[in-house]
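Q: Right, I'll just put the structure down here and ask away after.
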Amino acid sequence: MKKIILLLGVIIFLFACSEENLLKPFGPKDNTAPGAMTNVSYTAIPGGAKFSYTLPLDEDLSYVKAEYMVDGVKKSVVSSQYKAELKVEGLPDKKEYQVDLYCVDKSNNQSQPVHLTIIPEESPVKVMRESLKVKVDFGGFKIDYQNPSQSELSIYFLRQDTVAKKMVFYQARVFSQVQGTYQVVGLPNETNKFQVFVRDRFGNTSSTLEFEDKPWREEYLDKSKFKYVGKPNVVDDDDWYSWMGRPQNLWDDVVGEWNFAQTGPDGKYPHYFCIDLGDTVPIGRILFQQRLGNGNVFNYDCIRHFEVYGTAKLPTVNYASPLEGWTKLNDKTFEVIRPSGRKPGEPATTEDIQAATKGIMFTIDTPFPRPEIRYIRFKFIDSFTQSNMALLGELSFWAQWK
């Protein structure tokens with residue numbers, strides 16, 4: 001019994017010692033500050049600066065820290081001891097900023113500061129804001145932007161609440177491309193007041209662009225009227241009920257990883273898909289949504305290139321010429337473009353995921369008057385990885401009148 005008690009006492013003692021050690025800073029505790037960095041210089045970047053330097057030879061050096069003030073708020077950023085550079089970002093103005101650089105050791109001792117006065121290049125927020133150009137469009141507006149630094153920036157769009165007569169948030173999107181167009185849709189054919197501004201991930205916001213305009217008439221098609229049209233009414237050898245998929249998933253307003261339509265493994269491109277819209281209307285816009293999931297978007301069997309055809313009445317089936325009697329609605333072949341520009345299989349960025357979730361909007365590019373159609377038919381040309389299967393998550397349509 002005494003041996004057991006003695007053994008328990010030893011275990012408790014060892015455990016207490018190990019717990020105490022875990023609470024100590026890594027390495028020996030001391031009060032000696034590390035040496036300061038030398039050969040310090042900086043290069044101005046959009047909204048910040050990149051510092052380079054020579055680190056001291058202290059064996060217990062842990063990291064480098066920069067401290068600075070932005071609008072009266074003290075901020076800091078750190079960099080590893082294994083790097084000879086540090087980057088400060090998120091500075092809102094092109095003016096002088098005081099930056100203090102420190103070396104910090106494993107006992108949290110700080111070196112004497114190295115003081116630098118820097119002037120960053122113009123902030124990405126201001127550059128994008130000054131580039132914004134708004135053009136009226138069907139059901140909304142097209143906002144062209146420039147983003148030369150390829151920073152991750154958000155464009156916010158607000159509209160006036162016609163009852164409360166105050167500006168309210170409508171939607172926002174994240175962009176990191178050099179240039180592009182933000183398409184705002186779903187607005188009524190009414191004159192109203194609107195606002196646009198830019199925000200970065202540091203909380204900096206631009207001045208507000210205000211304007212008053214009237215979007216062109218556009219109507220969202222009622223999906224409850226949609227029906228799948230397969231053979232023998234059209235030439236279609238595809239099995240769109242493969243795996244867990246079924247055609248009706250493409251108009252149930254459920255967009256997710258496990259709600260989709262997909263062809264079987266024995267098919268081959270081009271794949272065809274036909275929908276009875278239930279009304280005869282001039283189609284102007286198509287929202288194309290992929291199967292979600294970080295590994296699925298812009299990857300594997302997701303469709304990359306496609307064409308769209310329409311007709312008011314179903315033509316006689318001709319197996320030798322599957323598109324006979326159908327009118328091609330788009331002039332150029334549509335392409336699902338990955339916003340980040342990354343290759344299939346590479347990790348999805350925030351912009352990729354956001355674009356896939358909201359869907360890719362395609363505008364019919366043939367001139368007015370556009371044909372009034374009831375049946376719309378897709379010709380899917382290929383996928384992102386050149387597989388034989390076609391896969392998509394949801395389709396939405398808008399009719400337009402000008």
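As shown in the structure tokens, the chain order sets the letters A, B, ...; within each chain, residues go from 1, and ligands are also counted from 1 in the order they appear.
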Please identify all polymer residues within 7 Å of segment 92-103 of chain A, counting only C-alpha atoms, omitting same-chain residues fewer than 6 positions from it, and present them as a list in words.
A: Pro34, Ala36, Met37, Gly47, Tyr63, Val64, Lys65, Ala66, Glu67, Tyr68, Gln110, Ser111, Gln112, Pro113, Val114, His115, Leu116, Thr117, Ile118, Ile119, Pro120, Glu121, Glu122, Ser123 and Asn204 of chain A
Q: With only C-alpha atoms counted and 9 Å as the cut-off, give the residues of segment 90-188 of chain A in contact with segment 57-60 of chain A, each with its shortest interatomic distance in Å and the pair that gives it, as a Markdown table.
A:
| residue | atom | partner | partner_atom | distance |
| --- | --- | --- | --- | --- |
| A:Val104 | CA | A:Asp60 | CA | 8.8 |
| A:Asp105 | CA | A:Asp60 | CA | 5.4 |
| A:Lys106 | CA | A:Asp60 | CA | 5.7 |
| A:Ser107 | CA | A:Asp60 | CA | 8.1 |
Q: Identify all residues of segment 256-361 of chain A in strand (DSSP E or B) (DSSP on the backbone) and supply them as a count of residues only.
A: 39
Q: Restricting the calculation to only C-alpha atoms: of A:Gln354, A:Gln289, A:Asn109, A:Thr54, which residue gets closest to Ser176 of chain A?
A: A:Gln354
Q: Tell me, as a VMD selection string, which residues lie within 10 Å of segment 330-346 of chain A, counting only C-alpha atoms; anything in the same chain fewer than 4 positions away does not count.
A: chain A and resid 175 to 177 180 284 288 to 290 294 to 300 302 to 309 350 to 356 359 to 367 380 to 385
